[in-house]
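Trainee: Have a peek at structure-v8.pdb (PDB, C-alpha atoms).
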```pdb
MODEL        1
ATOM      1  CA  MET A  50      -3.635 -13.198  -9.585
ATOM      2  CA  LEU A  51      -4.017 -12.313  -5.898
ATOM      3  CA  PHE A  52      -0.234 -12.281  -5.408
ATOM      4  CA  SER A  53       0.642 -10.634  -8.730
ATOM      5  CA  LEU A  54       0.177  -7.153 -10.138
ATOM      6  CA  PRO A  55      -2.885  -6.424 -12.299
ATOM      7  CA  SER A  56      -2.214  -6.086 -16.016
ATOM      8  CA  TRP A  57      -3.150  -2.388 -15.961
ATOM      9  CA  VAL A  58      -0.349  -1.810 -13.441
ATOM     10  CA  SER A  59       2.218  -3.862 -15.336
ATOM     11  CA  ARG A  60       1.671  -2.047 -18.636
ATOM     12  CA  ASN A  61       2.706   1.243 -16.993
ATOM     13  CA  LEU A  62       5.777   0.054 -15.117
ATOM     14  CA  TYR A  63       8.300   0.347 -17.979
ATOM     15  CA  PRO A  64      10.553  -2.249 -16.279
ATOM     16  CA  GLU A  65      14.082  -1.023 -15.587
ATOM     17  CA  LYS A  66      13.447   2.100 -17.659
ATOM     18  CA  SER A  67      14.571   5.610 -16.727
ATOM     19  CA  PHE A  68      13.885   8.907 -18.450
ATOM     20  CA  ALA A  69      17.288   8.658 -20.140
ATOM     21  CA  THR A  70      16.528   5.224 -21.616
ATOM     22  CA  LEU A  71      12.995   5.915 -22.866
ATOM     23  CA  THR A  72      12.949   5.512 -26.632
ATOM     24  CA  LYS A  73      11.539   8.099 -29.005
ATOM     25  CA  PRO A  74       8.563   5.829 -29.874
ATOM     26  CA  GLU A  75       7.812   5.428 -26.149
ATOM     27  CA  LEU A  76       7.957   9.184 -25.568
ATOM     28  CA  ASP A  77       5.866   9.885 -28.668
ATOM     29  CA  ASP A  78       3.229   7.340 -27.645
ATOM     30  CA  LEU A  79       2.946   8.786 -24.149
ATOM     31  CA  LYS A  80       2.843  12.366 -25.437
ATOM     32  CA  GLU A  81       0.039  11.476 -27.850
ATOM     33  CA  ARG A  82      -2.027   9.770 -25.142
ATOM     34  CA  LEU A  83      -1.598  12.783 -22.848
ATOM     35  CA  GLN A  84      -2.802  15.346 -25.382
ATOM     36  CA  ARG A  85      -6.445  14.939 -24.397
ATOM     37  CA  PHE A  86      -5.602  16.295 -20.935
ATOM     38  CA  ARG A  87      -4.782  19.762 -22.262
ATOM     39  CA  VAL A  88      -8.294  21.183 -22.422
ATOM     40  CA  ALA A  89      -9.815  24.663 -22.379
ATOM     41  CA  ALA A  90     -12.580  24.025 -19.830
ATOM     42  CA  PRO A  91     -11.828  21.034 -17.585
ATOM     43  CA  GLU A  92     -14.410  19.505 -15.284
ATOM     44  CA  VAL A  93     -11.710  17.645 -13.340
ATOM     45  CA  SER A  94      -8.179  18.698 -12.402
ATOM     46  CA  ILE A  95      -5.598  16.033 -11.535
ATOM     47  CA  VAL A  96      -2.644  17.588  -9.716
ATOM     48  CA  ILE A  97       0.686  15.848  -9.090
ATOM     49  CA  PRO A  98       3.525  17.311  -6.979
ATOM     50  CA  ALA A  99       6.995  16.303  -8.158
ATOM     51  CA  TRP A 100      10.475  16.699  -6.719
ATOM     52  CA  ASN A 101      13.273  14.985  -8.683
ATOM     53  CA  GLU A 102      10.847  12.524 -10.256
ATOM     54  CA  GLN A 103      12.235  12.225 -13.791
ATOM     55  CA  ASP A 104      12.392   8.428 -13.438
ATOM     56  CA  GLN A 105       8.979   7.953 -11.811
ATOM     57  CA  VAL A 106       6.433  10.532 -12.904
ATOM     58  CA  PHE A 107       6.170   9.254 -16.482
ATOM     59  CA  ARG A 108       4.792   5.987 -15.113
ATOM     60  CA  ALA A 109       2.036   7.785 -13.183
ATOM     61  CA  LEU A 110       1.283   9.924 -16.237
ATOM     62  CA  SER A 111       1.122   6.852 -18.446
ATOM     63  CA  SER A 112      -1.448   5.229 -16.166
ATOM     64  CA  LEU A 113      -3.579   8.389 -16.108
ATOM     65  CA  ALA A 114      -3.321   8.620 -19.893
ATOM     66  CA  TYR A 115      -5.066   5.225 -20.097
ATOM     67  CA  SER A 116      -8.060   6.603 -18.186
ATOM     68  CA  SER A 117     -11.411   5.410 -19.498
ATOM     69  CA  THR A 118     -13.209   8.611 -18.476
ATOM     70  CA  ARG A 119     -15.068  10.732 -21.002
ATOM     71  CA  ARG A 120     -14.968  13.753 -18.735
ATOM     72  CA  SER A 121     -12.982  16.842 -19.581
ATOM     73  CA  VAL A 122      -9.808  16.426 -17.519
ATOM     74  CA  GLU A 123      -6.626  18.451 -17.111
ATOM     75  CA  ILE A 124      -3.396  17.093 -15.676
ATOM     76  CA  ILE A 125      -1.108  19.529 -13.863
ATOM     77  CA  VAL A 126       2.317  18.722 -12.422
ATOM     78  CA  ILE A 127       3.839  21.036  -9.822
ATOM     79  CA  ASN A 128       7.623  20.938 -10.116
ATOM     80  CA  ASN A 129       8.902  21.568  -6.592
ATOM     81  CA  ASN A 130      12.519  22.704  -7.213
ATOM     82  CA  SER A 131      13.615  19.551  -9.014
ATOM     83  CA  THR A 132      17.339  19.478  -9.737
ATOM     84  CA  ASP A 133      17.122  16.589 -12.199
ATOM     85  CA  ASN A 134      15.390  16.568 -15.597
ATOM     86  CA  THR A 135      11.819  16.400 -14.305
ATOM     87  CA  ASN A 136      10.938  19.648 -16.062
ATOM     88  CA  VAL A 137      12.625  18.532 -19.308
ATOM     89  CA  LEU A 138      10.537  15.356 -19.278
ATOM     90  CA  LEU A 139       7.295  17.236 -18.629
ATOM     91  CA  ASP A 140       7.999  19.660 -21.457
ATOM     92  CA  LYS A 141       8.827  16.809 -23.837
ATOM     93  CA  LEU A 142       5.490  15.184 -22.991
ATOM     94  CA  GLY A 143       3.559  18.438 -23.291
ATOM     95  CA  VAL A 144       2.289  18.256 -19.708
ATOM     96  CA  ILE A 145       1.060  21.456 -18.046
ATOM     97  CA  ASN A 146       3.507  22.234 -15.237
ATOM     98  CA  TYR A 147       4.308  25.032 -12.808
ATOM     99  CA  LEU A 148       7.319  25.713 -10.620
ATOM    100  CA  GLN A 149       6.816  25.971  -6.872
ATOM    101  CA  SER A 150      10.076  27.359  -5.475
ATOM    102  CA  LYS A 151       9.035  26.949  -1.828
ATOM    103  CA  GLN A 152      10.174  23.458  -0.868
ATOM    104  CA  GLY A 153       7.721  20.933   0.569
ATOM    105  CA  THR A 154       4.652  18.950  -0.455
ATOM    106  CA  PRO A 155       2.142  21.317   1.240
ATOM    107  CA  TYR A 156       3.385  24.221  -0.877
ATOM    108  CA  ALA A 157       3.311  22.153  -4.057
ATOM    109  CA  ARG A 158      -0.237  20.928  -3.412
ATOM    110  CA  GLN A 159      -1.372  24.434  -2.455
ATOM    111  CA  LEU A 160      -0.092  25.872  -5.731
ATOM    112  CA  GLY A 161      -1.879  23.059  -7.540
ATOM    113  CA  LEU A 162      -5.106  24.030  -5.786
ATOM    114  CA  GLU A 163      -4.624  27.616  -6.910
ATOM    115  CA  LYS A 164      -3.895  26.650 -10.524
ATOM    116  CA  ALA A 165      -6.608  23.974 -10.913
ATOM    117  CA  ARG A 166      -9.552  24.977 -13.113
ATOM    118  CA  GLY A 167     -11.816  21.959 -12.655
ATOM    119  CA  LYS A 168     -14.938  21.754 -10.530
ATOM    120  CA  TYR A 169     -13.437  18.625  -8.983
ATOM    121  CA  HIS A 170      -9.839  18.241  -7.823
ATOM    122  CA  LEU A 171      -8.032  14.897  -7.646
ATOM    123  CA  CYS A 172      -4.655  14.551  -5.930
ATOM    124  CA  ALA A 173      -2.185  12.063  -7.371
ATOM    125  CA  ASP A 174       1.444  11.165  -6.659
ATOM    126  CA  SER A 175       4.436  10.756  -8.966
ATOM    127  CA  ASP A 176       5.200   7.200  -7.839
ATOM    128  CA  THR A 177       1.669   5.798  -8.049
ATOM    129  CA  ILE A 178      -0.167   3.890 -10.799
ATOM    130  CA  TYR A 179      -3.844   4.705 -11.362
ATOM    131  CA  PRO A 180      -6.545   2.326 -12.652
ATOM    132  CA  PRO A 181      -8.563   3.201 -15.772
ATOM    133  CA  ASP A 182     -11.803   3.866 -13.837
ATOM    134  CA  TRP A 183     -10.189   5.895 -11.068
ATOM    135  CA  VAL A 184     -11.346   9.344 -12.215
ATOM    136  CA  ASP A 185     -15.029   8.480 -12.611
ATOM    137  CA  LEU A 186     -15.213   6.377  -9.441
ATOM    138  CA  MET A 187     -13.635   9.144  -7.369
ATOM    139  CA  ILE A 188     -15.948  11.840  -8.735
ATOM    140  CA  GLN A 189     -19.168   9.806  -8.439
ATOM    141  CA  PRO A 190     -19.806  10.205  -4.661
ATOM    142  CA  MET A 191     -19.457  13.989  -4.896
ATOM    143  CA  GLU A 192     -21.840  14.147  -7.869
ATOM    144  CA  GLU A 193     -24.445  11.971  -6.223
ATOM    145  CA  ASN A 194     -24.506  13.732  -2.840
ATOM    146  CA  GLU A 195     -23.844  17.447  -2.478
ATOM    147  CA  LYS A 196     -22.956  16.903   1.195
ATOM    148  CA  THR A 197     -19.983  14.797   0.127
ATOM    149  CA  VAL A 198     -17.169  17.296  -0.375
ATOM    150  CA  GLY A 199     -14.184  14.931  -0.305
ATOM    151  CA  VAL A 200     -13.270  11.367  -1.266
ATOM    152  CA  TYR A 201     -10.405   8.931  -0.906
ATOM    153  CA  SER A 202      -9.652   5.368  -1.985
ATOM    154  CA  ARG A 203      -7.554   2.448  -0.803
ATOM    155  CA  TYR A 204      -4.051   1.668  -2.008
ATOM    156  CA  CYS A 205      -1.713  -1.276  -2.552
ATOM    157  CA  PHE A 206       2.060  -1.487  -2.812
ATOM    158  CA  ILE A 207       4.225  -2.350  -5.797
ATOM    159  CA  PRO A 208       6.993  -4.561  -4.399
ATOM    160  CA  PRO A 209      10.624  -4.025  -5.412
ATOM    161  CA  ILE A 210      11.720  -6.028  -8.443
ATOM    162  CA  GLY A 211      12.117  -9.696  -7.564
ATOM    163  CA  LYS A 212      10.091  -9.536  -4.337
ATOM    164  CA  SER A 213       6.727 -11.165  -3.683
ATOM    165  CA  ARG A 214       3.464  -9.267  -3.284
ATOM    166  CA  LEU A 215       2.384 -11.565  -0.427
ATOM    167  CA  PRO A 216       3.902  -9.712   2.574
ATOM    168  CA  TYR A 217       2.634  -6.403   1.185
ATOM    169  CA  LEU A 218      -0.829  -7.897   0.802
ATOM    170  CA  LEU A 219      -0.820  -8.877   4.492
ATOM    171  CA  TYR A 220       0.320  -5.349   5.413
ATOM    172  CA  GLU A 221      -2.560  -3.905   3.359
ATOM    173  CA  MET A 222      -5.106  -6.189   5.042
ATOM    174  CA  ILE A 223      -4.048  -5.000   8.498
ATOM    175  CA  THR A 224      -4.110  -1.386   7.288
ATOM    176  CA  GLY A 225      -7.678  -2.009   6.108
ATOM    177  CA  ILE A 226      -8.703  -2.928   9.654
ATOM    178  CA  PHE A 227      -7.327   0.356  11.009
ATOM    179  CA  ILE A 228      -9.078   2.275   8.226
ATOM    180  CA  ARG A 229     -12.446   0.802   9.221
ATOM    181  CA  ILE A 230     -11.820   1.551  12.912
ATOM    182  CA  ARG A 231     -10.792   5.158  12.251
ATOM    183  CA  LYS A 232     -13.583   5.890   9.818
ATOM    184  CA  ARG A 233     -16.159   6.615  12.516
ATOM    185  CA  LYS A 234     -14.289   9.155  14.657
ATOM    186  CA  MET A 235     -10.949  10.037  12.996
ATOM    187  CA  GLU A 236     -11.559   9.537   9.304
ATOM    188  CA  TYR A 237      -9.188  12.320   8.273
ATOM    189  CA  ILE A 238      -6.228  10.073   9.157
ATOM    190  CA  ASN A 239      -7.340   7.691   6.392
ATOM    191  CA  VAL A 240      -7.021  10.335   3.683
ATOM    192  CA  LEU A 241      -3.741  10.264   1.762
ATOM    193  CA  GLY A 242      -2.615  12.579  -1.012
ATOM    194  CA  LEU A 243      -1.803   9.708  -3.351
ATOM    195  CA  SER A 244      -5.536   9.126  -3.941
ATOM    196  CA  MET A 245      -7.877  11.800  -2.640
ATOM    197  CA  GLY A 246     -10.258  14.326  -4.151
ATOM    198  CA  PHE A 247     -12.578  17.157  -3.274
ATOM    199  CA  VAL A 248     -14.837  19.876  -4.613
ATOM    200  CA  THR A 249     -12.363  22.558  -5.650
ATOM    201  CA  GLU A 250     -14.281  25.615  -4.456
ATOM    202  CA  VAL A 251     -15.077  24.045  -1.094
ATOM    203  CA  ALA A 252     -11.366  23.444  -0.540
ATOM    204  CA  ARG A 253     -10.517  26.994  -1.572
ATOM    205  CA  ARG A 254     -12.894  28.381   1.037
ATOM    206  CA  THR A 255     -10.738  26.761   3.726
ATOM    207  CA  GLU A 256      -7.016  27.206   4.367
ATOM    208  CA  GLY A 257      -6.376  24.455   1.835
ATOM    209  CA  PHE A 258      -3.166  22.472   2.332
ATOM    210  CA  GLN A 259      -1.542  24.944   4.712
ATOM    211  CA  VAL A 260       0.251  23.380   7.691
ATOM    212  CA  ASN A 261       2.459  24.554  10.550
ATOM    213  CA  GLU A 262       5.515  22.608   9.401
ATOM    214  CA  ALA A 263       6.048  21.338   5.848
ATOM    215  CA  ARG A 264       7.067  17.753   5.271
ATOM    216  CA  MET A 265       9.524  16.576   2.644
ATOM    217  CA  TYR A 266       8.657  13.972   0.063
ATOM    218  CA  ASP A 267       9.251  10.533   1.561
ATOM    219  CA  ASN A 268       8.716  11.768   5.172
ATOM    220  CA  ALA A 269      10.035   8.448   6.412
ATOM    221  CA  LEU A 270       8.699   7.477   9.823
ATOM    222  CA  GLY A 271      11.514   7.412  12.385
ATOM    223  CA  SER A 272      13.790   9.699  10.362
ATOM    224  CA  ALA A 273      15.250  12.958  11.669
ATOM    225  CA  TYR A 274      13.116  14.913   9.181
ATOM    226  CA  PHE A 275       9.784  13.159   9.894
ATOM    227  CA  VAL A 276       6.862  15.560  10.356
ATOM    228  CA  ASP A 277       3.712  14.248  12.017
ATOM    229  CA  GLU A 278       1.361  16.846  10.562
ATOM    230  CA  ALA A 279       0.506  16.140   6.932
ATOM    231  CA  GLU A 280      -1.161  18.435   4.437
ATOM    232  CA  ASP A 281      -3.499  15.725   3.151
ATOM    233  CA  GLY A 282      -4.870  14.964   6.613
ATOM    234  CA  ARG A 283      -5.129  18.666   7.408
ATOM    235  CA  MET A 284      -7.097  19.228   4.203
ATOM    236  CA  ALA A 285      -9.379  16.320   5.139
ATOM    237  CA  MET A 286     -10.054  17.886   8.554
ATOM    238  CA  ARG A 287     -11.011  21.162   6.908
ATOM    239  CA  LEU A 288     -13.273  19.409   4.423
ATOM    240  CA  LEU A 289     -15.079  17.683   7.285
ATOM    241  CA  GLU A 290     -16.018  21.112   8.597
ATOM    242  CA  LYS A 291     -17.846  21.737   5.309
ATOM    243  CA  GLY A 292     -19.437  18.346   4.645
ATOM    244  CA  ASN A 293     -18.752  14.609   4.505
ATOM    245  CA  LEU A 294     -15.916  12.422   3.284
ATOM    246  CA  ALA A 295     -16.534   9.231   1.330
ATOM    247  CA  LEU A 296     -14.326   6.168   1.087
ATOM    248  CA  VAL A 297     -14.588   4.809  -2.450
ATOM    249  CA  HIS A 298     -14.951   1.092  -1.774
ATOM    250  CA  ASN A 299     -14.996  -0.087  -5.387
ATOM    251  CA  PRO A 300     -11.825  -2.177  -5.900
ATOM    252  CA  ARG A 301     -11.449  -0.607  -9.349
ATOM    253  CA  ALA A 302     -10.560   2.663  -7.593
ATOM    254  CA  LYS A 303      -7.677   1.084  -5.664
ATOM    255  CA  VAL A 304      -4.306   2.512  -6.691
ATOM    256  CA  PHE A 305      -0.871   0.893  -6.612
ATOM    257  CA  THR A 306       1.978   2.926  -5.176
ATOM    258  CA  SER A 307       5.718   2.478  -4.889
ATOM    259  CA  SER A 308       7.072   0.792  -1.776
ATOM    260  CA  ARG A 309      10.078   3.136  -1.684
ATOM    261  CA  ARG A 310       8.854   4.934   1.441
ATOM    262  CA  LEU A 311       8.685   1.607   3.274
ATOM    263  CA  GLU A 312      12.211   0.865   2.082
ATOM    264  CA  ALA A 313      13.334   4.290   3.384
ATOM    265  CA  GLU A 314      11.977   3.291   6.795
ATOM    266  CA  GLY A 315      14.179   0.194   6.916
ATOM    267  CA  GLY A 316      12.074  -2.240   4.927
ATOM    268  CA  LEU A 317       8.564  -3.647   5.145
ATOM    269  CA  TRP A 318       8.834  -5.197   8.611
ATOM    270  CA  ASN A 319      10.332  -2.094  10.274
ATOM    271  CA  ALA A 320       7.786   0.173   8.571
ATOM    272  CA  PHE A 321       4.947  -2.102   9.671
ATOM    273  CA  TRP A 322       6.150  -2.242  13.271
ATOM    274  CA  HIS A 323       6.592   1.536  13.500
ATOM    275  CA  ARG A 324       3.049   2.091  12.269
ATOM    276  CA  PHE A 325       1.490  -0.742  14.263
ATOM    277  CA  THR A 326       2.909   0.502  17.565
ATOM    278  CA  ALA A 327       2.029   4.121  16.767
ATOM    279  CA  HIS A 328      -1.577   3.282  15.878
ATOM    280  CA  THR A 329      -2.221   0.835  18.708
ATOM    281  CA  LYS A 330      -1.244   3.580  21.185
ATOM    282  CA  LYS A 331      -4.089   5.652  19.744
ATOM    283  CA  TRP A 332      -6.796   3.000  19.653
ATOM    284  CA  LYS A 333      -8.908   4.782  22.296
ATOM    285  CA  GLU A 334      -8.834   7.965  20.232
ATOM    286  CA  TYR A 335      -9.817   6.038  17.114
ATOM    287  CA  ILE A 336     -12.876   4.618  18.885
ATOM    288  CA  LYS A 337     -13.930   7.586  21.023
ATOM    289  CA  GLY A 338     -12.595  10.491  18.935
TER     290      GLY A 338
ENDMDL
END
```
Represent the supplied structure as structure tokens.
Mentor:
Amino acid sequence: MLFSLPSWVSRNLYPEKSFATLTKPELDDLKERLQRFRVAAPEVSIVIPAWNEQDQVFRALSSLAYSSTRRSVEIIVINNNSTDNTNVLLDKLGVINYLQSKQGTPYARQLGLEKARGKYHLCADSDTIYPPDWVDLMIQPMEENEKTVGVYSRYCFIPPIGKSRLPYLLYEMITGIFIRIRKRKMEYINVLGLSMGFVTEVARRTEGFQVNEARMYDNALGSAYFVDEAEDGRMAMRLLEKGNLALVHNPRAKVFTSSRRLEAEGGLWNAFWHRFTAHTKKWKEYIKG
């Protein structure tokens, strides 16, 4: 079990499926499960940015549709100039979606913040699978302590088809060490948009997801288009000015995300080495701030 994917991940993977090959029963089932996320007065808003994600976002939506929460939840997808059939898919599934014509994840997340109606805001990604208890576990720290204005959880990787989970597990263990080191002085670096949340109005009283230079979607480390400043980390810094962040330790809040960004950086080993060397150069900052 340690080296395999949990059953709740596997049931949402739709192996070797694309939007074009989804059957009518599959689309109908997913549409029906998503209907409860079109509500008049949501307590929680889940916002997903999407750029050309017709073959990925339905997997994330499927996992969210299996949520065990009894809260009133809305799901919003921000279509960021997709040139594929992302919007067609979202309309077929009856998912609330808005077009953000300004290209880049910061602009997509910012529009989501403006459109969200829930007291609590959860950020999700199109290529990530979410566990059934994710919503409630992410909201809990903010409900229990009014000084906690933002949350984030850990993540694991879904290996490419035919590859073992073992090397990714080792990567995640080392990442966990850096997360614990950074938590004391530079916690904002730990916060990633694939699994973060905050009190909506607190975030709106800051500059939100605004950054100096917008990153594109995979933002592969070492690429010509890599941008060091990220909107999720910038949001986390602004939240820290208003209160505390909480790492949700419960393993049932851990999400599983695609390894495609690691592949874009030349594979697991190259991605690991890039990050390891970058972070070890900053170890004094992580300890002293």
Trainee: Here is a test: counting only C-alpha atoms, which residue of A:Pro216, A:Gly161, A:Gly211, A:Gly143 is nearest to A:Asp77?
Mentor: A:Gly143
Trainee: For A:Ile223, work out the shell of residues within 12 Å, counting all atoms listed in the file and skipping chain neighbours fewer than 3 positions away, then give it as a ChimeraX atom specification.
Mentor: /A:205,216-220,226-230,321-322,324-325,328-329
Trainee: If you keep C-alpha atoms, can you produce a file of those selected residues as a PDB file, in the coordinates of the input?
Mentor:
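part.pdb, freshly written:
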```pdb
ATOM      1  CA  CYS A 205      -1.713  -1.276  -2.552  1.00  0.00           C
ATOM      2  CA  PRO A 216       3.902  -9.712   2.574  1.00  0.00           C
ATOM      3  CA  TYR A 217       2.634  -6.403   1.185  1.00  0.00           C
ATOM      4  CA  LEU A 218      -0.829  -7.897   0.802  1.00  0.00           C
ATOM      5  CA  LEU A 219      -0.820  -8.877   4.492  1.00  0.00           C
ATOM      6  CA  TYR A 220       0.320  -5.349   5.413  1.00  0.00           C
ATOM      7  CA  ILE A 226      -8.703  -2.928   9.654  1.00  0.00           C
ATOM      8  CA  PHE A 227      -7.327   0.356  11.009  1.00  0.00           C
ATOM      9  CA  ILE A 228      -9.078   2.275   8.226  1.00  0.00           C
ATOM     10  CA  ARG A 229     -12.446   0.802   9.221  1.00  0.00           C
ATOM     11  CA  ILE A 230     -11.820   1.551  12.912  1.00  0.00           C
ATOM     12  CA  PHE A 321       4.947  -2.102   9.671  1.00  0.00           C
ATOM     13  CA  TRP A 322       6.150  -2.242  13.271  1.00  0.00           C
ATOM     14  CA  ARG A 324       3.049   2.091  12.269  1.00  0.00           C
ATOM     15  CA  PHE A 325       1.490  -0.742  14.263  1.00  0.00           C
ATOM     16  CA  HIS A 328      -1.577   3.282  15.878  1.00  0.00           C
ATOM     17  CA  THR A 329      -2.221   0.835  18.708  1.00  0.00           C
TER      18      THR A 329
END
```
Trainee: Could you expand the PyMOL selection byres ((chain A and resi 172-175) around 9) into the explicit residues it covers here, written as a count of residues only?
Mentor: 30
Trainee: Under the rule that only C-alpha atoms are counted, which of A:Pro190, A:Pro155, A:Pro300, A:Gly167 is the nearest residue to A:Arg203?
Mentor: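 Among the listed residues, the smallest separation from A:Arg203 belongs to A:Pro300.
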Trainee: Which residues, written as a tab-separated table (two decimals) with C-alpha atoms, keeping the file's coordinate frame, have at least one atom at most 7 Å from A:Ser202, with all atoms listed in the file counted and residues fewer than 5 positions away on the same chain left out?
Mentor:
```tsv
chain	number	residue	atom	x	y	z
A	244	SER	CA	-5.54	9.13	-3.94
A	245	MET	CA	-7.88	11.80	-2.64
A	296	LEU	CA	-14.33	6.17	1.09
A	297	VAL	CA	-14.59	4.81	-2.45
A	298	HIS	CA	-14.95	1.09	-1.77
A	302	ALA	CA	-10.56	2.66	-7.59
A	303	LYS	CA	-7.68	1.08	-5.66
```
Trainee: Mind pulling up the distance from atom CA of A:Lys196 to atom CA of A:Pro91?
Mentor: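 Separating atom CA of A:Pro91 from atom CA of A:Lys196 is a distance of 22.2 Å.
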Trainee: For A:Met286, please output as a ChimeraX atom specification all residues within 10 Å (counting only C-alpha atoms; exclusion window: fewer than 2 positions along the same chain).
Mentor: /A:235-238,240,280-284,288-291,294
Trainee: Could you expand the PyMOL selection byres ((chain A and resi 65) around 12) into the explicit residues it covers here, written as a PyMOL selection string?
Mentor: chain A and resi 61-64+66-71+104-105+108+209-211
